[in-house]
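**Q** Just one file: protein-v4.cif, with mmCIF, C-alpha atoms and all ligand atoms.
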data_model
#
loop_
_atom_site.group_PDB
_atom_site.id
_atom_site.type_symbol
_atom_site.label_atom_id
_atom_site.label_comp_id
_atom_site.auth_asym_id
_atom_site.auth_seq_id
_atom_site.Cartn_x
_atom_site.Cartn_y
_atom_site.Cartn_z
ATOM 1 C CA MET D 1 18.764 -56.117 -11.059
ATOM 2 C CA ARG D 2 17.958 -59.210 -13.131
ATOM 3 C CA GLY D 3 16.342 -58.447 -16.500
ATOM 4 C CA LYS D 4 12.981 -59.659 -17.804
ATOM 5 C CA PHE D 5 12.515 -62.513 -20.229
ATOM 6 C CA ILE D 6 9.760 -62.177 -22.853
ATOM 7 C CA THR D 7 9.073 -64.705 -25.601
ATOM 8 C CA PHE D 8 7.068 -64.403 -28.819
ATOM 9 C CA GLU D 9 5.375 -67.516 -30.185
ATOM 10 C CA GLY D 10 2.989 -68.612 -32.924
ATOM 11 C CA GLY D 11 2.699 -70.250 -36.339
ATOM 12 C CA GLU D 12 4.291 -69.169 -39.606
ATOM 13 C CA GLY D 13 3.993 -65.542 -40.720
ATOM 14 C CA ALA D 14 2.048 -64.546 -37.607
ATOM 15 C CA GLY D 15 3.929 -61.242 -37.215
ATOM 16 C CA LYS D 16 6.243 -62.041 -34.269
ATOM 17 C CA SER D 17 9.424 -60.637 -35.773
ATOM 18 C CA THR D 18 7.674 -57.399 -36.724
ATOM 19 C CA GLN D 19 6.342 -56.857 -33.201
ATOM 20 C CA ILE D 20 9.441 -57.942 -31.309
ATOM 21 C CA THR D 21 11.368 -55.167 -33.066
ATOM 22 C CA PHE D 22 8.700 -52.585 -32.159
ATOM 23 C CA LEU D 23 8.746 -53.595 -28.497
ATOM 24 C CA LYS D 24 12.521 -53.525 -28.385
ATOM 25 C CA GLU D 25 12.612 -49.989 -29.790
ATOM 26 C CA THR D 26 9.990 -48.761 -27.317
ATOM 27 C CA LEU D 27 11.694 -50.303 -24.300
ATOM 28 C CA LEU D 28 15.061 -48.903 -25.397
ATOM 29 C CA ALA D 29 13.483 -45.442 -25.742
ATOM 30 C CA GLN D 30 12.170 -45.829 -22.166
ATOM 31 C CA GLY D 31 15.742 -46.332 -20.991
ATOM 32 C CA HIS D 32 15.769 -50.109 -20.520
ATOM 33 C CA ARG D 33 18.651 -52.251 -21.696
ATOM 34 C CA VAL D 34 17.225 -54.698 -24.223
ATOM 35 C CA VAL D 35 18.508 -57.487 -26.457
ATOM 36 C CA GLN D 36 16.601 -59.287 -29.186
ATOM 37 C CA THR D 37 17.294 -62.899 -30.067
ATOM 38 C CA ARG D 38 15.690 -65.942 -31.644
ATOM 39 C CA GLU D 39 15.418 -69.725 -31.613
ATOM 40 C CA PRO D 40 16.689 -71.819 -33.089
ATOM 41 C CA GLY D 41 19.764 -69.596 -33.110
ATOM 42 C CA GLY D 42 20.925 -66.631 -31.057
ATOM 43 C CA THR D 43 24.630 -67.505 -30.764
ATOM 44 C CA LYS D 44 27.157 -68.346 -33.474
ATOM 45 C CA ASN D 45 27.055 -72.041 -32.598
ATOM 46 C CA SER D 46 23.269 -72.095 -32.354
ATOM 47 C CA GLU D 47 22.929 -70.307 -35.693
ATOM 48 C CA ILE D 48 24.888 -73.177 -37.275
ATOM 49 C CA LEU D 49 22.437 -75.615 -35.697
ATOM 50 C CA ARG D 50 19.560 -73.437 -36.982
ATOM 51 C CA GLU D 51 20.787 -73.754 -40.548
ATOM 52 C CA LEU D 52 21.067 -77.544 -40.150
ATOM 53 C CA ILE D 53 17.567 -77.785 -38.650
ATOM 54 C CA LEU D 54 15.770 -75.574 -41.161
ATOM 55 C CA HIS D 55 17.629 -76.777 -44.251
ATOM 56 C CA PRO D 56 18.639 -80.413 -43.714
ATOM 57 C CA PRO D 57 21.430 -81.266 -46.170
ATOM 58 C CA GLU D 58 20.052 -84.637 -47.235
ATOM 59 C CA ARG D 59 16.437 -85.388 -46.258
ATOM 60 C CA ILE D 60 14.170 -84.248 -43.432
ATOM 61 C CA TRP D 61 15.368 -85.145 -39.954
ATOM 62 C CA SER D 62 13.674 -87.871 -37.987
ATOM 63 C CA SER D 63 11.374 -86.138 -35.509
ATOM 64 C CA MET D 64 13.476 -87.188 -32.517
ATOM 65 C CA THR D 65 16.738 -85.971 -34.080
ATOM 66 C CA GLU D 66 15.052 -82.682 -34.888
ATOM 67 C CA LEU D 67 13.838 -82.326 -31.286
ATOM 68 C CA LEU D 68 17.329 -83.001 -29.931
ATOM 69 C CA LEU D 69 18.856 -80.454 -32.312
ATOM 70 C CA HIS D 70 16.401 -77.808 -31.090
ATOM 71 C CA LEU D 71 17.271 -78.647 -27.482
ATOM 72 C CA ALA D 72 21.006 -78.535 -28.211
ATOM 73 C CA SER D 73 20.577 -75.137 -29.823
ATOM 74 C CA ARG D 74 18.555 -73.910 -26.803
ATOM 75 C CA HIS D 75 21.138 -75.146 -24.323
ATOM 76 C CA GLU D 76 23.874 -73.174 -26.090
ATOM 77 C CA HIS D 77 21.612 -70.155 -26.282
ATOM 78 C CA ILE D 78 20.660 -70.202 -22.592
ATOM 79 C CA GLU D 79 24.189 -70.766 -21.300
ATOM 80 C CA ASN D 80 25.973 -68.326 -23.576
ATOM 81 C CA PHE D 81 23.447 -65.604 -24.261
ATOM 82 C CA ILE D 82 20.094 -65.528 -22.452
ATOM 83 C CA GLU D 83 21.187 -66.220 -18.874
ATOM 84 C CA PRO D 84 24.249 -63.908 -18.959
ATOM 85 C CA ALA D 85 22.137 -61.106 -20.486
ATOM 86 C CA LEU D 86 19.431 -61.478 -17.810
ATOM 87 C CA GLN D 87 22.024 -61.517 -15.047
ATOM 88 C CA ASP D 88 23.485 -58.356 -16.517
ATOM 89 C CA GLY D 89 20.101 -56.620 -16.234
ATOM 90 C CA HIS D 90 19.033 -56.775 -19.876
ATOM 91 C CA TRP D 91 15.503 -57.448 -21.003
ATOM 92 C CA VAL D 92 15.700 -60.444 -23.349
ATOM 93 C CA LEU D 93 13.105 -60.541 -26.143
ATOM 94 C CA CYS D 94 13.205 -63.954 -27.782
ATOM 95 C CA ASP D 95 11.497 -65.009 -31.027
ATOM 96 C CA ARG D 96 10.353 -68.574 -30.150
ATOM 97 C CA TYR D 97 11.344 -70.770 -27.159
ATOM 98 C CA ILE D 98 9.960 -73.895 -25.434
ATOM 99 C CA ASP D 99 6.337 -73.337 -26.559
ATOM 100 C CA SER D 100 7.468 -73.736 -30.170
ATOM 101 C CA THR D 101 9.033 -77.074 -29.247
ATOM 102 C CA ILE D 102 5.782 -78.244 -27.655
ATOM 103 C CA ALA D 103 3.721 -77.007 -30.608
ATOM 104 C CA TYR D 104 5.982 -78.090 -33.519
ATOM 105 C CA GLN D 105 7.608 -81.269 -32.211
ATOM 106 C CA GLY D 106 4.662 -82.260 -29.969
ATOM 107 C CA TYR D 107 1.384 -81.218 -31.601
ATOM 108 C CA GLY D 108 2.922 -81.056 -35.092
ATOM 109 C CA LYS D 109 5.314 -84.012 -35.278
ATOM 110 C CA GLY D 110 3.570 -86.178 -32.687
ATOM 111 C CA ILE D 111 6.295 -86.598 -30.035
ATOM 112 C CA ASP D 112 4.866 -87.120 -26.565
ATOM 113 C CA VAL D 113 4.546 -83.701 -24.908
ATOM 114 C CA ILE D 114 5.455 -85.031 -21.448
ATOM 115 C CA LEU D 115 8.672 -86.485 -22.871
ATOM 116 C CA ILE D 116 9.474 -83.151 -24.546
ATOM 117 C CA ARG D 117 8.967 -81.292 -21.265
ATOM 118 C CA GLU D 118 11.182 -83.782 -19.405
ATOM 119 C CA LEU D 119 14.000 -83.523 -21.942
ATOM 120 C CA ASN D 120 13.663 -79.759 -22.087
ATOM 121 C CA ALA D 121 13.884 -79.539 -18.291
ATOM 122 C CA LEU D 122 17.344 -81.129 -18.507
ATOM 123 C CA ILE D 123 18.683 -78.252 -20.592
ATOM 124 C CA GLN D 124 16.435 -75.342 -19.656
ATOM 125 C CA HIS D 125 16.750 -75.674 -15.868
ATOM 126 C CA ASP D 126 14.360 -73.114 -14.344
ATOM 127 C CA LEU D 127 14.614 -70.512 -17.039
ATOM 128 C CA ASN D 128 10.973 -69.868 -17.858
ATOM 129 C CA PRO D 129 9.782 -66.707 -19.614
ATOM 130 C CA ASP D 130 8.227 -63.998 -17.433
ATOM 131 C CA LEU D 131 5.746 -63.212 -20.200
ATOM 132 C CA THR D 132 4.866 -64.877 -23.517
ATOM 133 C CA PHE D 133 2.925 -63.418 -26.422
ATOM 134 C CA ILE D 134 1.253 -66.141 -28.475
ATOM 135 C CA PHE D 135 0.284 -64.898 -31.921
ATOM 136 C CA ASP D 136 -2.814 -66.566 -33.306
ATOM 137 C CA ILE D 137 -3.671 -66.286 -36.992
ATOM 138 C CA PRO D 138 -5.656 -68.381 -39.500
ATOM 139 C CA VAL D 139 -3.237 -70.878 -41.039
ATOM 140 C CA GLU D 140 -3.865 -69.778 -44.635
ATOM 141 C CA VAL D 141 -3.188 -66.115 -43.827
ATOM 142 C CA GLY D 142 0.068 -66.871 -42.001
ATOM 143 C CA LEU D 143 1.337 -69.220 -44.701
ATOM 144 C CA SER D 144 0.571 -66.799 -47.504
ATOM 145 C CA ARG D 145 2.457 -64.054 -45.626
ATOM 146 C CA ALA D 146 5.409 -66.385 -45.091
ATOM 147 C CA GLN D 147 5.370 -67.482 -48.754
ATOM 148 C CA MET D 148 5.417 -63.879 -49.946
ATOM 149 C CA ARG D 149 8.858 -63.646 -48.360
ATOM 150 C CA GLY D 150 10.076 -66.008 -51.101
ATOM 151 C CA THR D 151 12.207 -68.306 -48.910
ATOM 152 C CA SER D 152 11.023 -71.642 -47.593
ATOM 153 C CA ASP D 153 12.179 -74.039 -44.898
ATOM 154 C CA THR D 154 11.387 -77.542 -43.735
ATOM 155 C CA TYR D 155 8.357 -76.425 -41.667
ATOM 156 C CA GLU D 156 6.689 -74.130 -44.164
ATOM 157 C CA SER D 157 6.509 -76.996 -46.648
ATOM 158 C CA MET D 158 4.521 -79.236 -44.251
ATOM 159 C CA ASP D 159 0.864 -79.859 -45.147
ATOM 160 C CA ILE D 160 -2.040 -77.779 -43.902
ATOM 161 C CA SER D 161 -3.099 -80.238 -41.176
ATOM 162 C CA PHE D 162 0.361 -79.887 -39.578
ATOM 163 C CA HIS D 163 -0.143 -76.125 -39.349
ATOM 164 C CA GLN D 164 -3.679 -76.548 -38.011
ATOM 165 C CA ASN D 165 -2.322 -78.812 -35.262
ATOM 166 C CA LEU D 166 0.262 -76.171 -34.391
ATOM 167 C CA ARG D 167 -2.420 -73.529 -34.069
ATOM 168 C CA LYS D 168 -4.436 -75.767 -31.765
ATOM 169 C CA GLY D 169 -1.299 -76.508 -29.754
ATOM 170 C CA PHE D 170 -0.395 -72.871 -29.205
ATOM 171 C CA ILE D 171 -3.942 -72.034 -28.066
ATOM 172 C CA GLU D 172 -3.927 -74.923 -25.582
ATOM 173 C CA ILE D 173 -0.514 -73.892 -24.249
ATOM 174 C CA ALA D 174 -1.848 -70.361 -23.674
ATOM 175 C CA GLN D 175 -5.045 -71.581 -22.026
ATOM 176 C CA ASN D 176 -3.082 -73.841 -19.665
ATOM 177 C CA ASP D 177 -0.752 -71.057 -18.516
ATOM 178 C CA PRO D 178 -2.802 -67.843 -18.378
ATOM 179 C CA ASN D 179 -0.498 -66.048 -15.917
ATOM 180 C CA ARG D 180 2.376 -66.217 -18.380
ATOM 181 C CA CYS D 181 0.744 -66.371 -21.812
ATOM 182 C CA TYR D 182 -1.212 -63.691 -23.607
ATOM 183 C CA ILE D 183 -2.906 -64.437 -26.944
ATOM 184 C CA VAL D 184 -2.463 -61.802 -29.647
ATOM 185 C CA ASP D 185 -4.738 -61.615 -32.694
ATOM 186 C CA GLY D 186 -2.075 -61.745 -35.423
ATOM 187 C CA SER D 187 -4.575 -60.746 -38.119
ATOM 188 C CA ALA D 188 -5.264 -57.329 -36.544
ATOM 189 C CA GLU D 189 -3.690 -54.104 -37.845
ATOM 190 C CA ILE D 190 0.040 -53.838 -37.140
ATOM 191 C CA ASP D 191 -0.349 -50.620 -35.101
ATOM 192 C CA ASN D 192 -3.156 -52.072 -32.975
ATOM 193 C CA ILE D 193 -1.045 -55.122 -32.170
ATOM 194 C CA ARG D 194 1.884 -52.884 -31.274
ATOM 195 C CA GLU D 195 -0.227 -50.843 -28.807
ATOM 196 C CA ASN D 196 -1.789 -53.972 -27.359
ATOM 197 C CA ILE D 197 1.602 -55.600 -26.721
ATOM 198 C CA LEU D 198 3.060 -52.486 -25.140
ATOM 199 C CA LYS D 199 0.026 -52.090 -22.858
ATOM 200 C CA LYS D 200 0.185 -55.720 -21.769
ATOM 201 C CA THR D 201 3.941 -55.483 -21.123
ATOM 202 C CA GLU D 202 3.510 -52.351 -18.990
ATOM 203 C CA GLN D 203 0.658 -53.963 -17.035
ATOM 204 C CA HIS D 204 2.502 -57.234 -16.526
ATOM 205 C CA PHE D 205 5.662 -55.622 -15.158
ATOM 206 C CA GLY D 206 4.006 -52.630 -13.485
ATOM 207 C CA LEU D 207 5.912 -50.101 -15.629
HETATM 208 N N1 LIG D 301 10.910 -74.434 -34.399
HETATM 209 C C1 LIG D 301 10.614 -75.706 -33.986
HETATM 210 O O1 LIG D 301 10.122 -76.518 -34.757
HETATM 211 N N2 LIG D 301 10.881 -76.060 -32.689
HETATM 212 C C2 LIG D 301 11.448 -75.208 -31.815
HETATM 213 O O2 LIG D 301 11.703 -75.590 -30.651
HETATM 214 C C3 LIG D 301 11.744 -73.879 -32.265
HETATM 215 C C4 LIG D 301 11.465 -73.525 -33.571
HETATM 216 C C5 LIG D 301 12.361 -72.895 -31.308
HETATM 217 C C6 LIG D 301 11.995 -71.139 -37.195
HETATM 218 O O3 LIG D 301 11.643 -70.404 -38.287
HETATM 219 C C7 LIG D 301 11.301 -72.450 -37.329
HETATM 220 O O4 LIG D 301 11.760 -73.330 -36.306
HETATM 221 C C8 LIG D 301 9.840 -72.260 -37.123
HETATM 222 C C9 LIG D 301 9.482 -73.220 -36.004
HETATM 223 C C10 LIG D 301 10.643 -74.060 -35.811
HETATM 224 N N3 LIG D 301 9.093 -72.620 -38.239
HETATM 225 N N4 LIG D 301 9.194 -72.168 -39.357
HETATM 226 N N5 LIG D 301 9.248 -71.855 -40.415
HETATM 227 P P1 LIG D 301 11.702 -68.850 -38.404
HETATM 228 O O5 LIG D 301 12.044 -68.266 -37.096
HETATM 229 O O6 LIG D 301 12.567 -68.500 -39.546
HETATM 230 O O7 LIG D 301 10.267 -68.572 -38.935
HETATM 231 P P2 LIG D 301 9.043 -67.959 -38.212
HETATM 232 O O8 LIG D 301 9.261 -67.842 -36.761
HETATM 233 O O9 LIG D 301 7.844 -68.714 -38.635
HETATM 234 O O10 LIG D 301 9.066 -66.505 -38.772
HETATM 235 P P3 LIG D 301 8.153 -65.867 -39.835
HETATM 236 O O11 LIG D 301 7.546 -66.800 -40.803
HETATM 237 O O12 LIG D 301 9.007 -64.797 -40.409
HETATM 238 O O13 LIG D 301 6.989 -65.300 -39.046
HETATM 239 P P4 LIG D 301 6.846 -64.050 -38.089
HETATM 240 O O14 LIG D 301 8.143 -63.613 -37.539
HETATM 241 O O15 LIG D 301 5.813 -64.456 -37.131
HETATM 242 O O16 LIG D 301 6.265 -62.906 -39.027
HETATM 243 P P5 LIG D 301 6.912 -61.524 -39.566
HETATM 244 O O17 LIG D 301 8.210 -61.822 -40.234
HETATM 245 O O18 LIG D 301 6.861 -60.485 -38.533
HETATM 246 O O19 LIG D 301 5.812 -61.161 -40.643
HETATM 247 C C11 LIG D 301 5.635 -61.949 -41.801
HETATM 248 C C12 LIG D 301 5.112 -61.014 -42.939
HETATM 249 O O20 LIG D 301 3.825 -60.512 -42.588
HETATM 250 C C13 LIG D 301 5.990 -59.779 -43.165
HETATM 251 O O21 LIG D 301 5.989 -59.489 -44.506
HETATM 252 C C14 LIG D 301 5.273 -58.675 -42.376
HETATM 253 O O22 LIG D 301 5.490 -57.405 -42.898
HETATM 254 C C15 LIG D 301 3.826 -59.086 -42.502
HETATM 255 N N6 LIG D 301 3.001 -58.722 -41.342
HETATM 256 C C16 LIG D 301 3.366 -58.786 -40.047
HETATM 257 N N7 LIG D 301 2.346 -58.391 -39.251
HETATM 258 C C17 LIG D 301 1.319 -58.098 -40.061
HETATM 259 C C18 LIG D 301 -0.029 -57.639 -39.834
HETATM 260 N N8 LIG D 301 -0.505 -57.440 -38.601
HETATM 261 N N9 LIG D 301 -0.815 -57.452 -40.889
HETATM 262 C C19 LIG D 301 -0.345 -57.679 -42.161
HETATM 263 N N10 LIG D 301 0.908 -58.092 -42.445
HETATM 264 C C20 LIG D 301 1.723 -58.307 -41.415
#
How does the structure come out when it is put into structure tokens?

**A**
Amino acid sequence: MRGKFITFEGGEGAGKSTQITFLKETLLAQGHRVVQTREPGGTKNSEILRELILHPPERIWSSMTELLLHLASRHEHIENFIEPALQDGHWVLCDRYIDSTIAYQGYGKGIDVILIRELNALIQHDLNPDLTFIFDIPVEVGLSRAQMRGTSDTYESMDISFHQNLRKGFIEIAQNDPNRCYIVDGSAEIDNIRENILKKTEQHFGL
């Protein structure tokens, strides 16, 4: 049987990586086959693109180049990891996917969202997530969590209005697709978020 595809989305430091690991462990303990992955990245080739995107060697990418690099990374990831894993019956839990492209390159960098969706359709085909958790958190809280990690990338150094636009973008994406997207309060206690996500997953898939 084909596996399920769940994505985790949101701004910086919202707690996605923490929760994706919890959900993976719970699903594995329930006897499901589960793989965890991320974008940009997820395959050896895509991880090389990730490094280029997040740490440009010379100066920041033009917005269009950056968009195309994200799409190239996704195409590799879908063809060589996500789609084969789903066909093999694995649940695929993915840290970021198309909604990040709409939020970061569209709402954040100002590229036309319709154009992004059209270009993405060329490489994504019909592979839409079955369920998406969108983590919402005040920008200052998320950024301070991310900064405490001590590493920085091209997005974390953008100004506050960029991050506010992202937050707005993610909320609008969720509101426009309520059957797929579920908003998670990223500022809640870690254990509460974990229970909430598990409950929603069980409800959504009738587990
Ligand atoms: N990007 C893009 O522009 N376009 C695209 O199409 C795609 C991506 C796919 C990837 O970075 C970047 O690529 C991303 C968007 C862009 N922007 N950036 N930067 P990334 O994957 O390396 O970074 P990230 O996704 O933002 O990860 P993050 O900053 O690590 O955030 P997180 O995974 O959501 O959070 P976390 O690591 O689980 O938690 C952060 C810290 O907070 C950590 O110390 C936790 O212990 C703590 N934490 C977590 N939850 C809580 C709660 N509930 N309370 C208190 N503390 C907590």

**Q** List all protein, DNA and RNA residues that have an atom no more than 8 Å from any atom of ligand LIG 301 (chain D), counting only C-alpha atoms and all ligand atoms, and report them as a PyMOL selection string.

**A** chain D and resi 9-19+38-40+50+53-54+66-67+70-71+74+95-105+135+142-143+145-146+148-149+152-156+186-191+193

**Q** Could you take the residues named above and write them with C-alpha atoms, as a short mmCIF file (atom, residue, chain, number, x, y, z; two decimals), in the frame of the given file?

**A**
data_model
loop_
_atom_site.label_atom_id
_atom_site.label_comp_id
_atom_site.auth_asym_id
_atom_site.auth_seq_id
_atom_site.Cartn_x
_atom_site.Cartn_y
_atom_site.Cartn_z
CA GLU D 9 5.38 -67.52 -30.18
CA GLY D 10 2.99 -68.61 -32.92
CA GLY D 11 2.70 -70.25 -36.34
CA GLU D 12 4.29 -69.17 -39.61
CA GLY D 13 3.99 -65.54 -40.72
CA ALA D 14 2.05 -64.55 -37.61
CA GLY D 15 3.93 -61.24 -37.22
CA LYS D 16 6.24 -62.04 -34.27
CA SER D 17 9.42 -60.64 -35.77
CA THR D 18 7.67 -57.40 -36.72
CA GLN D 19 6.34 -56.86 -33.20
CA ARG D 38 15.69 -65.94 -31.64
CA GLU D 39 15.42 -69.72 -31.61
CA PRO D 40 16.69 -71.82 -33.09
CA ARG D 50 19.56 -73.44 -36.98
CA ILE D 53 17.57 -77.78 -38.65
CA LEU D 54 15.77 -75.57 -41.16
CA GLU D 66 15.05 -82.68 -34.89
CA LEU D 67 13.84 -82.33 -31.29
CA HIS D 70 16.40 -77.81 -31.09
CA LEU D 71 17.27 -78.65 -27.48
CA ARG D 74 18.56 -73.91 -26.80
CA ASP D 95 11.50 -65.01 -31.03
CA ARG D 96 10.35 -68.57 -30.15
CA TYR D 97 11.34 -70.77 -27.16
CA ILE D 98 9.96 -73.90 -25.43
CA ASP D 99 6.34 -73.34 -26.56
CA SER D 100 7.47 -73.74 -30.17
CA THR D 101 9.03 -77.07 -29.25
CA ILE D 102 5.78 -78.24 -27.66
CA ALA D 103 3.72 -77.01 -30.61
CA TYR D 104 5.98 -78.09 -33.52
CA GLN D 105 7.61 -81.27 -32.21
CA PHE D 135 0.28 -64.90 -31.92
CA GLY D 142 0.07 -66.87 -42.00
CA LEU D 143 1.34 -69.22 -44.70
CA ARG D 145 2.46 -64.05 -45.63
CA ALA D 146 5.41 -66.39 -45.09
CA MET D 148 5.42 -63.88 -49.95
CA ARG D 149 8.86 -63.65 -48.36
CA SER D 152 11.02 -71.64 -47.59
CA ASP D 153 12.18 -74.04 -44.90
CA THR D 154 11.39 -77.54 -43.74
CA TYR D 155 8.36 -76.42 -41.67
CA GLU D 156 6.69 -74.13 -44.16
CA GLY D 186 -2.08 -61.74 -35.42
CA SER D 187 -4.58 -60.75 -38.12
CA ALA D 188 -5.26 -57.33 -36.54
CA GLU D 189 -3.69 -54.10 -37.84
CA ILE D 190 0.04 -53.84 -37.14
CA ASP D 191 -0.35 -50.62 -35.10
CA ILE D 193 -1.04 -55.12 -32.17
#

**Q** In Å to one decimal, how far is atom CA of D:Phe162 from atom CA of D:Asp136?

**A**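 Distance reported for this atom pair: 15.1 Å.
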
**Q** Please measure the separation of atom CA of D:Asn165 and atom CA of D:Tyr107, giving the value in Å to one decimal.

**A** 5.7 Å

**Q** Between atom CA of D:Ile171 and atom CA of D:Thr26, what is the distance in Å, rounded to a tenth?

**A**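 One can read the atom CA of D:Ile171 to atom CA of D:Thr26 distance as 27.1 Å.
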
**Q** Excluding D:Glu202 and any residue of its chain fewer than 4 positions from it, enumerate the residues within 12 Å of it, using all atoms listed in the file, and give them as a VMD selection string.

**A** chain D and resid 23 26 to 27 30 131 195 to 198 206 to 207

**Q** Using only C-alpha atoms, find the one residue out of D:Ile78, D:Leu69, D:Leu127, D:Cys181 that sits nearest to D:Leu52.

**A** D:Leu69

**Q** So which residues get picked by the PyMOL selection byres (((chain D and resi 112-123) around 7) and not hetatm) here, written as a PyMOL selection string?

**A** chain D and resi 71+75+102+106+110-111+124-125

**Q** Of the candidates D:Ile160, D:Met1, D:Phe133, D:His77, which one gets nearest to D:Lys200 if we count all atoms listed in the file?

**A**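 Of D:Ile160, D:Met1, D:Phe133, D:His77, the one nearest D:Lys200, counting all atoms listed in the file, is D:Phe133.
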
**Q** Enclose stretch 60-70 of chain D, meaning all of its atoms listed in the file, in a box aligned along x, y and z, pad it by 4 Å on each side, and list the centre and edge lengths in Å to one decimal, as AutoDock Vina command-line options.

**A**
--center_x 15.1 --center_y -82.8 --center_z -36.7 --size_x 15.5 --size_y 18.1 --size_z 21.5

**Q** May I ask which of the residues D:Thr65, D:Asn176, D:Gln164, D:Thr201 is the closest one to D:Ile137, counting only C-alpha atoms?

**A** D:Gln164

**Q** Can you find the residues with an atom no farther than 7 Å from (8.6, -62.3, -25.8), counting all atoms listed in the file, and report them as a ChimeraX atom specification?

**A** /D:5-8,93-95,131-133

**Q** Complete the atoms of stretch 31-43 of chain D to N, CA, C and O atoms and put them out as a PDB file, in the coordinates of the input.

**A**
ATOM      1  N   GLY D  31      14.522 -46.287 -21.805  1.00  0.00           N
ATOM      2  CA  GLY D  31      15.742 -46.332 -20.991  1.00  0.00           C
ATOM      3  C   GLY D  31      16.134 -47.715 -20.485  1.00  0.00           C
ATOM      4  O   GLY D  31      17.087 -47.850 -19.714  1.00  0.00           O
ATOM      5  N   HIS D  32      15.408 -48.752 -20.935  1.00  0.00           N
ATOM      6  CA  HIS D  32      15.769 -50.109 -20.520  1.00  0.00           C
ATOM      7  C   HIS D  32      16.916 -50.627 -21.397  1.00  0.00           C
ATOM      8  O   HIS D  32      17.086 -50.180 -22.527  1.00  0.00           O
ATOM      9  N   ARG D  33      17.648 -51.564 -20.870  1.00  0.00           N
ATOM     10  CA  ARG D  33      18.651 -52.251 -21.696  1.00  0.00           C
ATOM     11  C   ARG D  33      17.963 -53.501 -22.257  1.00  0.00           C
ATOM     12  O   ARG D  33      17.383 -54.287 -21.492  1.00  0.00           O
ATOM     13  N   VAL D  34      18.028 -53.649 -23.565  1.00  0.00           N
ATOM     14  CA  VAL D  34      17.225 -54.698 -24.223  1.00  0.00           C
ATOM     15  C   VAL D  34      18.060 -55.414 -25.275  1.00  0.00           C
ATOM     16  O   VAL D  34      18.796 -54.773 -26.019  1.00  0.00           O
ATOM     17  N   VAL D  35      17.926 -56.741 -25.342  1.00  0.00           N
ATOM     18  CA  VAL D  35      18.508 -57.487 -26.457  1.00  0.00           C
ATOM     19  C   VAL D  35      17.421 -58.339 -27.101  1.00  0.00           C
ATOM     20  O   VAL D  35      16.496 -58.791 -26.439  1.00  0.00           O
ATOM     21  N   GLN D  36      17.568 -58.500 -28.411  1.00  0.00           N
ATOM     22  CA  GLN D  36      16.601 -59.287 -29.186  1.00  0.00           C
ATOM     23  C   GLN D  36      17.315 -60.527 -29.693  1.00  0.00           C
ATOM     24  O   GLN D  36      18.443 -60.443 -30.182  1.00  0.00           O
ATOM     25  N   THR D  37      16.662 -61.673 -29.609  1.00  0.00           N
ATOM     26  CA  THR D  37      17.294 -62.899 -30.067  1.00  0.00           C
ATOM     27  C   THR D  37      16.234 -63.851 -30.612  1.00  0.00           C
ATOM     28  O   THR D  37      15.058 -63.487 -30.684  1.00  0.00           O
ATOM     29  N   ARG D  38      16.655 -65.038 -31.025  1.00  0.00           N
ATOM     30  CA  ARG D  38      15.690 -65.942 -31.644  1.00  0.00           C
ATOM     31  C   ARG D  38      16.108 -67.392 -31.455  1.00  0.00           C
ATOM     32  O   ARG D  38      17.276 -67.696 -31.195  1.00  0.00           O
ATOM     33  N   GLU D  39      15.135 -68.279 -31.606  1.00  0.00           N
ATOM     34  CA  GLU D  39      15.418 -69.725 -31.613  1.00  0.00           C
ATOM     35  C   GLU D  39      14.750 -70.365 -32.821  1.00  0.00           C
ATOM     36  O   GLU D  39      13.647 -69.942 -33.178  1.00  0.00           O
ATOM     37  N   PRO D  40      15.331 -71.406 -33.406  1.00  0.00           N
ATOM     38  CA  PRO D  40      16.689 -71.819 -33.089  1.00  0.00           C
ATOM     39  C   PRO D  40      17.666 -70.729 -33.522  1.00  0.00           C
ATOM     40  O   PRO D  40      17.416 -70.040 -34.500  1.00  0.00           O
ATOM     41  N   GLY D  41      18.763 -70.598 -32.782  1.00  0.00           N
ATOM     42  CA  GLY D  41      19.764 -69.596 -33.110  1.00  0.00           C
ATOM     43  C   GLY D  41      20.145 -68.775 -31.897  1.00  0.00           C
ATOM     44  O   GLY D  41      20.023 -69.211 -30.772  1.00  0.00           O
ATOM     45  N   GLY D  42      20.641 -67.566 -32.142  1.00  0.00           N
ATOM     46  CA  GLY D  42      20.925 -66.631 -31.057  1.00  0.00           C
ATOM     47  C   GLY D  42      22.387 -66.554 -30.646  1.00  0.00           C
ATOM     48  O   GLY D  42      22.784 -65.581 -30.026  1.00  0.00           O
ATOM     49  N   THR D  43      23.172 -67.591 -30.947  1.00  0.00           N
ATOM     50  CA  THR D  43      24.630 -67.505 -30.764  1.00  0.00           C
ATOM     51  C   THR D  43      25.241 -68.055 -32.055  1.00  0.00           C
ATOM     52  O   THR D  43      24.534 -68.705 -32.843  1.00  0.00           O
TER      53      THR D  43
END
